[in-house]
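Raw contents of model.cif, mmCIF, C-alpha atoms, pLDDT in the B column; chains and numbers go by the auth columns:
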data_run
#
loop_
_atom_site.group_PDB
_atom_site.id
_atom_site.type_symbol
_atom_site.label_atom_id
_atom_site.label_comp_id
_atom_site.label_asym_id
_atom_site.label_seq_id
_atom_site.Cartn_x
_atom_site.Cartn_y
_atom_site.Cartn_z
_atom_site.B_iso_or_equiv
_atom_site.auth_seq_id
_atom_site.auth_asym_id
ATOM 1 C CA MET A 1 -32.803 -46.773 -15.834 54.00 30 A
ATOM 2 C CA ASN A 2 -31.499 -50.183 -14.973 61.00 31 A
ATOM 3 C CA LEU A 3 -28.744 -50.820 -12.468 58.00 32 A
ATOM 4 C CA ARG A 4 -26.113 -51.532 -15.125 65.00 33 A
ATOM 5 C CA ARG A 5 -26.687 -48.175 -16.885 63.00 34 A
ATOM 6 C CA TYR A 6 -26.745 -46.365 -13.566 55.00 35 A
ATOM 7 C CA ASN A 7 -23.353 -47.855 -12.631 58.00 36 A
ATOM 8 C CA LEU A 8 -21.943 -46.933 -16.056 60.00 37 A
ATOM 9 C CA VAL A 9 -23.086 -43.311 -15.664 59.00 38 A
ATOM 10 C CA LEU A 10 -21.551 -43.159 -12.178 59.00 39 A
ATOM 11 C CA LEU A 11 -18.302 -44.628 -13.509 58.00 40 A
ATOM 12 C CA LEU A 12 -18.123 -42.065 -16.340 59.00 41 A
ATOM 13 C CA LEU A 13 -18.867 -39.196 -13.945 56.00 42 A
ATOM 14 C CA GLY A 14 -16.164 -40.460 -11.581 55.00 43 A
ATOM 15 C CA VAL A 15 -13.611 -40.669 -14.410 56.00 44 A
ATOM 16 C CA ALA A 16 -14.518 -37.158 -15.634 56.00 45 A
ATOM 17 C CA LEU A 17 -14.282 -35.735 -12.124 53.00 46 A
ATOM 18 C CA GLY A 18 -10.941 -37.479 -11.546 52.00 47 A
ATOM 19 C CA ALA A 19 -9.557 -36.140 -14.841 55.00 48 A
ATOM 20 C CA ALA A 20 -10.677 -32.603 -14.020 53.00 49 A
ATOM 21 C CA LEU A 21 -9.096 -32.832 -10.578 52.00 50 A
ATOM 22 C CA ALA A 22 -5.843 -34.170 -12.046 55.00 51 A
ATOM 23 C CA VAL A 23 -5.692 -31.273 -14.529 55.00 52 A
ATOM 24 C CA LEU A 24 -6.278 -28.715 -11.776 55.00 53 A
ATOM 25 C CA LEU A 25 -3.622 -30.208 -9.513 55.00 54 A
ATOM 26 C CA ALA A 26 -1.025 -30.655 -12.248 57.00 55 A
ATOM 27 C CA ARG A 27 -1.293 -27.254 -13.906 52.00 56 A
ATOM 28 C CA GLU A 28 1.594 -24.786 -13.673 46.00 57 A
ATOM 29 C CA PRO A 29 1.010 -21.758 -11.457 48.00 58 A
ATOM 30 C CA SER A 30 0.441 -18.610 -13.485 47.00 59 A
ATOM 31 C CA GLY A 31 2.618 -15.515 -13.101 48.00 60 A
ATOM 32 C CA ASP A 32 -0.271 -13.799 -11.310 49.00 61 A
ATOM 33 C CA GLU A 33 -0.031 -16.216 -8.417 43.00 62 A
ATOM 34 C CA GLU A 34 3.392 -14.820 -7.537 45.00 63 A
ATOM 35 C CA THR A 35 1.685 -11.616 -6.441 44.00 64 A
ATOM 36 C CA GLU A 36 -1.028 -13.097 -4.247 55.00 65 A
ATOM 37 C CA GLN A 37 -1.553 -11.433 -0.910 54.00 66 A
ATOM 38 C CA GLY A 38 0.966 -12.662 1.616 56.00 67 A
ATOM 39 C CA SER A 39 3.742 -13.092 -0.937 69.00 68 A
ATOM 40 C CA ALA A 40 7.022 -11.196 -0.752 74.00 69 A
ATOM 41 C CA PRO A 41 6.092 -8.418 -3.243 92.00 70 A
ATOM 42 C CA TYR A 42 2.839 -7.723 -1.396 93.00 71 A
ATOM 43 C CA ALA A 43 4.610 -7.519 1.962 95.00 72 A
ATOM 44 C CA GLU A 44 7.347 -5.267 0.566 97.00 73 A
ATOM 45 C CA VAL A 45 4.811 -2.931 -1.059 98.00 74 A
ATOM 46 C CA GLU A 46 2.718 -2.765 2.120 98.00 75 A
ATOM 47 C CA ARG A 47 5.808 -1.952 4.210 98.00 76 A
ATOM 48 C CA ALA A 48 6.960 0.742 1.780 98.00 77 A
ATOM 49 C CA ALA A 49 3.499 2.340 1.557 98.00 78 A
ATOM 50 C CA THR A 50 3.086 2.300 5.338 98.00 79 A
ATOM 51 C CA ALA A 51 6.502 3.868 5.919 98.00 80 A
ATOM 52 C CA GLU A 52 5.954 6.575 3.305 98.00 81 A
ATOM 53 C CA VAL A 53 2.510 7.550 4.604 98.00 82 A
ATOM 54 C CA GLN A 54 3.759 7.679 8.197 98.00 83 A
ATOM 55 C CA ALA A 55 6.703 9.841 7.132 98.00 84 A
ATOM 56 C CA PHE A 56 4.549 12.055 4.891 98.00 85 A
ATOM 57 C CA LEU A 57 1.802 12.684 7.457 98.00 86 A
ATOM 58 C CA GLY A 58 4.001 12.781 10.546 97.00 87 A
ATOM 59 C CA ILE A 59 5.293 16.204 11.576 95.00 88 A
ATOM 60 C CA ASP A 60 7.378 17.442 14.452 96.00 89 A
ATOM 61 C CA HIS A 61 8.264 21.106 14.112 95.00 90 A
ATOM 62 C CA GLU A 62 11.564 20.416 15.889 96.00 91 A
ATOM 63 C CA LEU A 63 12.542 17.510 13.587 96.00 92 A
ATOM 64 C CA VAL A 64 11.043 18.647 10.293 96.00 93 A
ATOM 65 C CA ASP A 65 14.367 18.489 8.394 96.00 94 A
ATOM 66 C CA GLU A 66 14.963 14.841 9.313 97.00 95 A
ATOM 67 C CA GLN A 67 11.351 13.923 8.627 96.00 96 A
ATOM 68 C CA ALA A 68 11.428 15.568 5.215 97.00 97 A
ATOM 69 C CA GLN A 69 14.546 13.592 4.345 98.00 98 A
ATOM 70 C CA THR A 70 12.773 10.365 5.325 98.00 99 A
ATOM 71 C CA VAL A 71 9.945 11.215 2.910 98.00 100 A
ATOM 72 C CA LEU A 72 12.433 11.999 0.124 98.00 101 A
ATOM 73 C CA ASP A 73 14.315 8.743 0.780 98.00 102 A
ATOM 74 C CA GLY A 74 11.120 6.824 -0.044 98.00 103 A
ATOM 75 C CA ALA A 75 10.149 8.991 -3.024 98.00 104 A
ATOM 76 C CA THR A 76 10.962 9.120 -6.715 98.00 105 A
ATOM 77 C CA GLY A 77 9.811 10.795 -9.920 98.00 106 A
ATOM 78 C CA ASP A 78 7.002 13.348 -9.894 97.00 107 A
ATOM 79 C CA PHE A 79 6.199 12.860 -6.223 97.00 108 A
ATOM 80 C CA GLU A 80 9.798 13.469 -5.194 98.00 109 A
ATOM 81 C CA GLU A 81 9.960 16.626 -7.324 98.00 110 A
ATOM 82 C CA GLN A 82 6.624 17.999 -6.073 97.00 111 A
ATOM 83 C CA TYR A 83 7.437 17.283 -2.438 97.00 112 A
ATOM 84 C CA ALA A 84 10.913 18.832 -2.714 97.00 113 A
ATOM 85 C CA ALA A 85 9.408 21.941 -4.331 97.00 114 A
ATOM 86 C CA GLN A 86 7.059 22.430 -1.339 96.00 115 A
ATOM 87 C CA LEU A 87 9.592 21.698 1.405 95.00 116 A
ATOM 88 C CA ASP A 88 10.528 25.256 2.337 95.00 117 A
ATOM 89 C CA SER A 89 6.877 26.212 2.749 95.00 118 A
ATOM 90 C CA LEU A 90 6.126 23.037 4.722 94.00 119 A
ATOM 91 C CA LYS A 91 9.054 23.563 7.093 95.00 120 A
ATOM 92 C CA GLN A 92 8.230 27.229 7.607 96.00 121 A
ATOM 93 C CA SER A 93 4.583 26.482 8.355 95.00 122 A
ATOM 94 C CA ALA A 94 5.368 23.584 10.721 95.00 123 A
ATOM 95 C CA ARG A 95 7.800 25.706 12.704 96.00 124 A
ATOM 96 C CA ALA A 96 5.577 28.800 12.795 96.00 125 A
ATOM 97 C CA GLN A 97 2.548 26.796 13.981 95.00 126 A
ATOM 98 C CA GLU A 98 4.623 24.571 16.297 95.00 127 A
ATOM 99 C CA SER A 99 2.898 21.643 14.622 96.00 128 A
ATOM 100 C CA THR A 100 3.122 18.013 15.583 96.00 129 A
ATOM 101 C CA ALA A 101 1.265 15.191 13.910 96.00 130 A
ATOM 102 C CA VAL A 102 1.580 11.529 14.779 97.00 131 A
ATOM 103 C CA ALA A 103 0.405 9.286 11.950 97.00 132 A
ATOM 104 C CA THR A 104 -1.214 5.908 12.499 98.00 133 A
ATOM 105 C CA VAL A 105 -1.788 3.689 9.474 98.00 134 A
ATOM 106 C CA LEU A 106 -5.086 1.856 9.944 98.00 135 A
ATOM 107 C CA GLU A 107 -5.367 -0.185 6.746 97.00 136 A
ATOM 108 C CA VAL A 108 -3.330 -0.828 3.612 98.00 137 A
ATOM 109 C CA GLY A 109 -4.889 -2.293 0.478 97.00 138 A
ATOM 110 C CA ILE A 110 -3.116 -3.096 -2.752 97.00 139 A
ATOM 111 C CA SER A 111 -5.465 -2.558 -5.672 96.00 140 A
ATOM 112 C CA GLU A 112 -2.995 -3.358 -8.474 96.00 141 A
ATOM 113 C CA ILE A 113 0.462 -4.886 -8.501 96.00 142 A
ATOM 114 C CA ASP A 114 2.953 -6.321 -10.933 95.00 143 A
ATOM 115 C CA ARG A 115 6.707 -6.828 -10.805 93.00 144 A
ATOM 116 C CA ALA A 116 7.525 -3.139 -11.336 96.00 145 A
ATOM 117 C CA SER A 117 4.623 -1.079 -9.982 97.00 146 A
ATOM 118 C CA ALA A 118 1.748 -1.038 -7.531 98.00 147 A
ATOM 119 C CA THR A 119 -1.279 1.061 -6.672 98.00 148 A
ATOM 120 C CA VAL A 120 -1.956 1.167 -2.943 98.00 149 A
ATOM 121 C CA LEU A 121 -4.779 2.645 -0.888 98.00 150 A
ATOM 122 C CA VAL A 122 -4.006 3.648 2.687 98.00 151 A
ATOM 123 C CA ALA A 123 -6.328 4.702 5.493 98.00 152 A
ATOM 124 C CA ALA A 124 -4.569 6.633 8.236 98.00 153 A
ATOM 125 C CA ASP A 125 -5.289 8.998 11.081 98.00 154 A
ATOM 126 C CA THR A 126 -3.110 11.758 12.445 97.00 155 A
ATOM 127 C CA GLU A 127 -3.295 13.217 15.897 97.00 156 A
ATOM 128 C CA VAL A 128 -2.441 16.868 15.338 96.00 157 A
ATOM 129 C CA THR A 129 -1.496 19.586 17.792 95.00 158 A
ATOM 130 C CA SER A 130 -0.475 23.116 16.871 94.00 159 A
ATOM 131 C CA LYS A 131 -1.092 26.732 17.733 93.00 160 A
ATOM 132 C CA SER A 132 -4.292 26.570 15.683 91.00 161 A
ATOM 133 C CA THR A 133 -5.629 23.745 17.891 91.00 162 A
ATOM 134 C CA ALA A 134 -4.567 25.649 21.031 92.00 163 A
ATOM 135 C CA GLY A 135 -2.350 22.695 21.880 87.00 164 A
ATOM 136 C CA GLU A 136 -5.329 20.342 22.057 93.00 165 A
ATOM 137 C CA PRO A 137 -4.950 17.127 20.048 95.00 166 A
ATOM 138 C CA ARG A 138 -7.277 16.742 17.094 96.00 167 A
ATOM 139 C CA THR A 139 -7.678 13.545 15.067 97.00 168 A
ATOM 140 C CA VAL A 140 -7.664 13.967 11.302 96.00 169 A
ATOM 141 C CA PRO A 141 -8.576 11.025 9.024 97.00 170 A
ATOM 142 C CA TRP A 142 -6.757 10.532 5.715 97.00 171 A
ATOM 143 C CA ARG A 143 -7.394 8.336 2.694 98.00 172 A
ATOM 144 C CA ILE A 144 -4.436 8.235 0.344 98.00 173 A
ATOM 145 C CA GLN A 145 -3.665 6.527 -2.957 98.00 174 A
ATOM 146 C CA LEU A 146 -0.013 5.865 -3.682 98.00 175 A
ATOM 147 C CA GLN A 147 1.702 4.809 -6.868 98.00 176 A
ATOM 148 C CA LEU A 148 4.814 2.786 -6.106 98.00 177 A
ATOM 149 C CA VAL A 149 7.537 1.643 -8.472 98.00 178 A
ATOM 150 C CA GLU A 150 10.284 -0.876 -7.894 98.00 179 A
ATOM 151 C CA GLN A 151 13.764 0.611 -8.334 97.00 180 A
ATOM 152 C CA ASP A 152 16.957 -1.253 -7.526 95.00 181 A
ATOM 153 C CA GLY A 153 15.173 -3.654 -5.197 95.00 182 A
ATOM 154 C CA ARG A 154 13.234 -0.948 -3.310 97.00 183 A
ATOM 155 C CA TRP A 155 9.606 0.135 -3.633 98.00 184 A
ATOM 156 C CA LEU A 156 9.461 3.931 -3.913 99.00 185 A
ATOM 157 C CA THR A 157 6.494 6.305 -4.052 98.00 186 A
ATOM 158 C CA SER A 158 6.176 7.967 -7.453 98.00 187 A
ATOM 159 C CA GLY A 159 2.714 9.429 -6.887 98.00 188 A
ATOM 160 C CA LEU A 160 0.539 10.341 -3.919 98.00 189 A
ATOM 161 C CA ARG A 161 -2.942 11.792 -3.899 97.00 190 A
ATOM 162 C CA PHE A 162 -5.695 12.225 -1.366 96.00 191 A
ATOM 163 C CA VAL A 163 -8.909 10.311 -2.100 96.00 192 A
ATOM 164 C CA GLY A 164 -12.373 9.987 -0.569 79.00 193 A
#

Would you kindly transcribe this structure into structure tokens?
Amino acid sequence: MNLRRYNLVLLLLGVALGAALAVLLAREPSGDEETEQGSAPYAEVERAATAEVQAFLGIDHELVDEQAQTVLDGATGDFEEQYAAQLDSLKQSARAQESTAVATVLEVGISEIDRASATVLVAADTEVTSKSTAGEPRTVPWRIQLQLVEQDGRWLTSGLRFVG
């Protein structure tokens, strides 16, 4: 290939590369980019999921009424109904066993999110003491999947299940 052809090929490649770069830089951001990690919806969902898991797993037999209300304040739909239906049993058991559990959220991962809903995976540990542990702390690991929905500017838990 002679020098003239070589320069022409380089010029055409440079123009093509420049055009491709211009298209990439000038394109409109898609709606999906609004939900990239670090954006406001992600942060709000992570905060809501963390708060709900800490409230759900945390128990103090002397404060169980207040703690249950905190869980209900972050709940909606099926989860709210199921939790409310089990409250009397939960309170009775916590008081009878003199249970305490301090929840620590280790990791939060959002697997799906859009403007109105999110699926979140949470890894947490609880340090539990009760009559059944003879007052000795015991660490219990938890892996939880939450379904959150946006309602009136708040992210609420509509579903919660234990996984893994």

Quiz prompt | Point-to-point distance in Å for CA of Glu95 in chain A and CA of Val74 in chain A | solution = 22.9 Å

Exercise. Name the closest residue to Val93 in chain A among the candidates A:Gln121, A:Thr105, A:Ser161, A:Thr155; distances are taken between atoms, counting all atoms listed in the file.
Key: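 Smallest distance to Val93 in chain A is found for A:Gln121.
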
Quiz item: Rounded to one decimal in Å, what is the spacing between CA of Glu136 in chain A and CA of Thr99 in chain A?
Solution: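 Computing the Euclidean distance for CA of Glu136 in chain A and CA of Thr99 in chain A yields 21.0 Å.
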
Practice problem: Could you please determine the separation between CA of Arg167 in chain A and CA of Ile88 in chain A in Å, to one decimal place? | Solution: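 CA of Ile88 in chain A lies 13.7 Å from CA of Arg167 in chain A.
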
Quiz item: Near Val169 in chain A, counting only C-alpha atoms, which residues have an atom at most 9 Å away, once you skip same-chain residues fewer than 3 positions from it, shown as a list of chain:residue names?
Solution: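 After dropping sequence-adjacent residues, the list is A:Ala153, A:Asp154, A:Thr155, A:Glu156, A:Val157.
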
Hey, can I get the axis-aligned box for range 118-133 of chain A? All listed atoms, 8 Å padding on each side, centre and edge lengths in Å to one decimal, as JSON.
{"center_x": 3.9, "center_y": 17.4, "center_z": 9.5, "size_x": 26.3, "size_y": 38.9, "size_z": 29.5}

Answer key for the PyMOL selection byres ((chain A and resi 100) around 9), residues as a short mmCIF file (atom, residue, chain, number, x, y, z; two decimals) with C-alpha atoms, in the coordinates of the input:
data_model
loop_
_atom_site.label_atom_id
_atom_site.label_comp_id
_atom_site.auth_asym_id
_atom_site.auth_seq_id
_atom_site.Cartn_x
_atom_site.Cartn_y
_atom_site.Cartn_z
CA ALA A 80 6.50 3.87 5.92
CA GLU A 81 5.95 6.58 3.30
CA VAL A 82 2.51 7.55 4.60
CA GLN A 83 3.76 7.68 8.20
CA ALA A 84 6.70 9.84 7.13
CA PHE A 85 4.55 12.06 4.89
CA GLU A 95 14.96 14.84 9.31
CA GLN A 96 11.35 13.92 8.63
CA ALA A 97 11.43 15.57 5.22
CA GLN A 98 14.55 13.59 4.34
CA THR A 99 12.77 10.36 5.32
CA LEU A 101 12.43 12.00 0.12
CA ASP A 102 14.32 8.74 0.78
CA GLY A 103 11.12 6.82 -0.04
CA ALA A 104 10.15 8.99 -3.02
CA GLU A 109 9.80 13.47 -5.19
CA TYR A 112 7.44 17.28 -2.44
#

Quiz item: Nearest to Ala72 in chain A: which of A:Leu189, A:Leu86, A:Ala147, A:Val134 is it, counting only C-alpha atoms?
Solution: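 Result for the nearest residue to Ala72 in chain A: A:Ala147.
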
Exercise. Using the chain letters and numbers from the file, give me the residues hit by the PyMOL selection byres ((chain A and resi 146) around 9), as a ChimeraX atom specification.
Key: /A:141-145,147-148,176-179,184

Quiz item: Between A:Ser140, A:Gln174, A:Gln115, A:Thr168, which one has atoms that come closest to Arg190 in chain A, using all atoms listed in the file?
Solution: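 The answer is A:Gln174, which sits nearest to Arg190 in chain A.
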
Quiz prompt | Answer key for the PyMOL selection byres ((chain A and resi 89) around 9), residues as a list in words | solution = Gly87, Ile88, His90, Glu91, Leu92, Val93, Gln96, Ala123, Arg124, Glu127, Ser128, Thr129, Ala130 and Val131 of chain A

Output C-alpha atoms for every residue in that selection, as a PDB file, in the coordinates of the input.
ATOM      1  CA  GLY A  87       4.001  12.781  10.546  1.00 97.00           C
ATOM      2  CA  ILE A  88       5.293  16.204  11.576  1.00 95.00           C
ATOM      3  CA  HIS A  90       8.264  21.106  14.112  1.00 95.00           C
ATOM      4  CA  GLU A  91      11.564  20.416  15.889  1.00 96.00           C
ATOM      5  CA  LEU A  92      12.542  17.510  13.587  1.00 96.00           C
ATOM      6  CA  VAL A  93      11.043  18.647  10.293  1.00 96.00           C
ATOM      7  CA  GLN A  96      11.351  13.923   8.627  1.00 96.00           C
ATOM      8  CA  ALA A 123       5.368  23.584  10.721  1.00 95.00           C
ATOM      9  CA  ARG A 124       7.800  25.706  12.704  1.00 96.00           C
ATOM     10  CA  GLU A 127       4.623  24.571  16.297  1.00 95.00           C
ATOM     11  CA  SER A 128       2.898  21.643  14.622  1.00 96.00           C
ATOM     12  CA  THR A 129       3.122  18.013  15.583  1.00 96.00           C
ATOM     13  CA  ALA A 130       1.265  15.191  13.910  1.00 96.00           C
ATOM     14  CA  VAL A 131       1.580  11.529  14.779  1.00 97.00           C
TER      15      VAL A 131
END

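Between Gly138 in chain A and the residues A:Ser118, A:Gln126, A:Thr162, A:Thr79, the shortest atom-to-atom distance, using only C-alpha atoms, involves A:Thr79.
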
Taking only N, CA and C atoms, show range 150-166 of chain A of the given structure as a PDB file, in the first residue's frame.
ATOM      1  N   LEU A 150     -32.151  -6.806  48.105  1.00  0.00           N
ATOM      2  CA  LEU A 150     -31.596  -7.905  48.889  1.00  0.00           C
ATOM      3  C   LEU A 150     -30.757  -7.312  50.014  1.00  0.00           C
ATOM      4  N   VAL A 151     -30.970  -7.818  51.218  1.00  0.00           N
ATOM      5  CA  VAL A 151     -30.275  -7.291  52.391  1.00  0.00           C
ATOM      6  C   VAL A 151     -29.617  -8.442  53.148  1.00  0.00           C
ATOM      7  N   ALA A 152     -28.358  -8.244  53.490  1.00  0.00           N
ATOM      8  CA  ALA A 152     -27.645  -9.161  54.381  1.00  0.00           C
ATOM      9  C   ALA A 152     -27.525  -8.461  55.725  1.00  0.00           C
ATOM     10  N   ALA A 153     -27.938  -9.148  56.771  1.00  0.00           N
ATOM     11  CA  ALA A 153     -27.897  -8.565  58.113  1.00  0.00           C
ATOM     12  C   ALA A 153     -27.562  -9.643  59.130  1.00  0.00           C
ATOM     13  N   ASP A 154     -27.056  -9.199  60.249  1.00  0.00           N
ATOM     14  CA  ASP A 154     -26.839 -10.073  61.400  1.00  0.00           C
ATOM     15  C   ASP A 154     -27.630  -9.514  62.568  1.00  0.00           C
ATOM     16  N   THR A 155     -28.066 -10.401  63.448  1.00  0.00           N
ATOM     17  CA  THR A 155     -28.628  -9.957  64.719  1.00  0.00           C
ATOM     18  C   THR A 155     -27.832 -10.600  65.838  1.00  0.00           C
ATOM     19  N   GLU A 156     -27.632  -9.826  66.882  1.00  0.00           N
ATOM     20  CA  GLU A 156     -27.048 -10.372  68.097  1.00  0.00           C
ATOM     21  C   GLU A 156     -28.203 -10.554  69.063  1.00  0.00           C
ATOM     22  N   VAL A 157     -28.521 -11.815  69.343  1.00  0.00           N
ATOM     23  CA  VAL A 157     -29.723 -12.177  70.085  1.00  0.00           C
ATOM     24  C   VAL A 157     -29.352 -12.649  71.488  1.00  0.00           C
ATOM     25  N   THR A 158     -30.129 -12.184  72.458  1.00  0.00           N
ATOM     26  CA  THR A 158     -30.072 -12.746  73.808  1.00  0.00           C
ATOM     27  C   THR A 158     -31.503 -12.995  74.263  1.00  0.00           C
ATOM     28  N   SER A 159     -31.690 -14.074  74.986  1.00  0.00           N
ATOM     29  CA  SER A 159     -33.015 -14.419  75.507  1.00  0.00           C
ATOM     30  C   SER A 159     -32.847 -15.509  76.560  1.00  0.00           C
ATOM     31  N   LYS A 160     -33.954 -15.914  77.124  1.00  0.00           N
ATOM     32  CA  LYS A 160     -33.901 -17.028  78.077  1.00  0.00           C
ATOM     33  C   LYS A 160     -33.338 -18.278  77.407  1.00  0.00           C
ATOM     34  N   SER A 161     -33.689 -18.483  76.137  1.00  0.00           N
ATOM     35  CA  SER A 161     -33.238 -19.697  75.449  1.00  0.00           C
ATOM     36  C   SER A 161     -31.739 -19.685  75.159  1.00  0.00           C
ATOM     37  N   THR A 162     -31.098 -18.523  75.194  1.00  0.00           N
ATOM     38  CA  THR A 162     -29.640 -18.466  75.027  1.00  0.00           C
ATOM     39  C   THR A 162     -28.946 -18.307  76.379  1.00  0.00           C
ATOM     40  N   ALA A 163     -29.726 -18.447  77.450  1.00  0.00           N
ATOM     41  CA  ALA A 163     -29.215 -18.296  78.823  1.00  0.00           C
ATOM     42  C   ALA A 163     -28.540 -16.941  79.015  1.00  0.00           C
ATOM     43  N   GLY A 164     -29.058 -15.941  78.296  1.00  0.00           N
ATOM     44  CA  GLY A 164     -28.513 -14.594  78.420  1.00  0.00           C
ATOM     45  C   GLY A 164     -27.224 -14.357  77.663  1.00  0.00           C
ATOM     46  N   GLU A 165     -26.703 -15.399  77.026  1.00  0.00           N
ATOM     47  CA  GLU A 165     -25.473 -15.273  76.241  1.00  0.00           C
ATOM     48  C   GLU A 165     -25.814 -14.790  74.832  1.00  0.00           C
ATOM     49  N   PRO A 166     -25.097 -13.791  74.335  1.00  0.00           N
ATOM     50  CA  PRO A 166     -25.376 -13.316  72.974  1.00  0.00           C
ATOM     51  C   PRO A 166     -25.045 -14.377  71.927  1.00  0.00           C
TER      52      PRO A 166
END
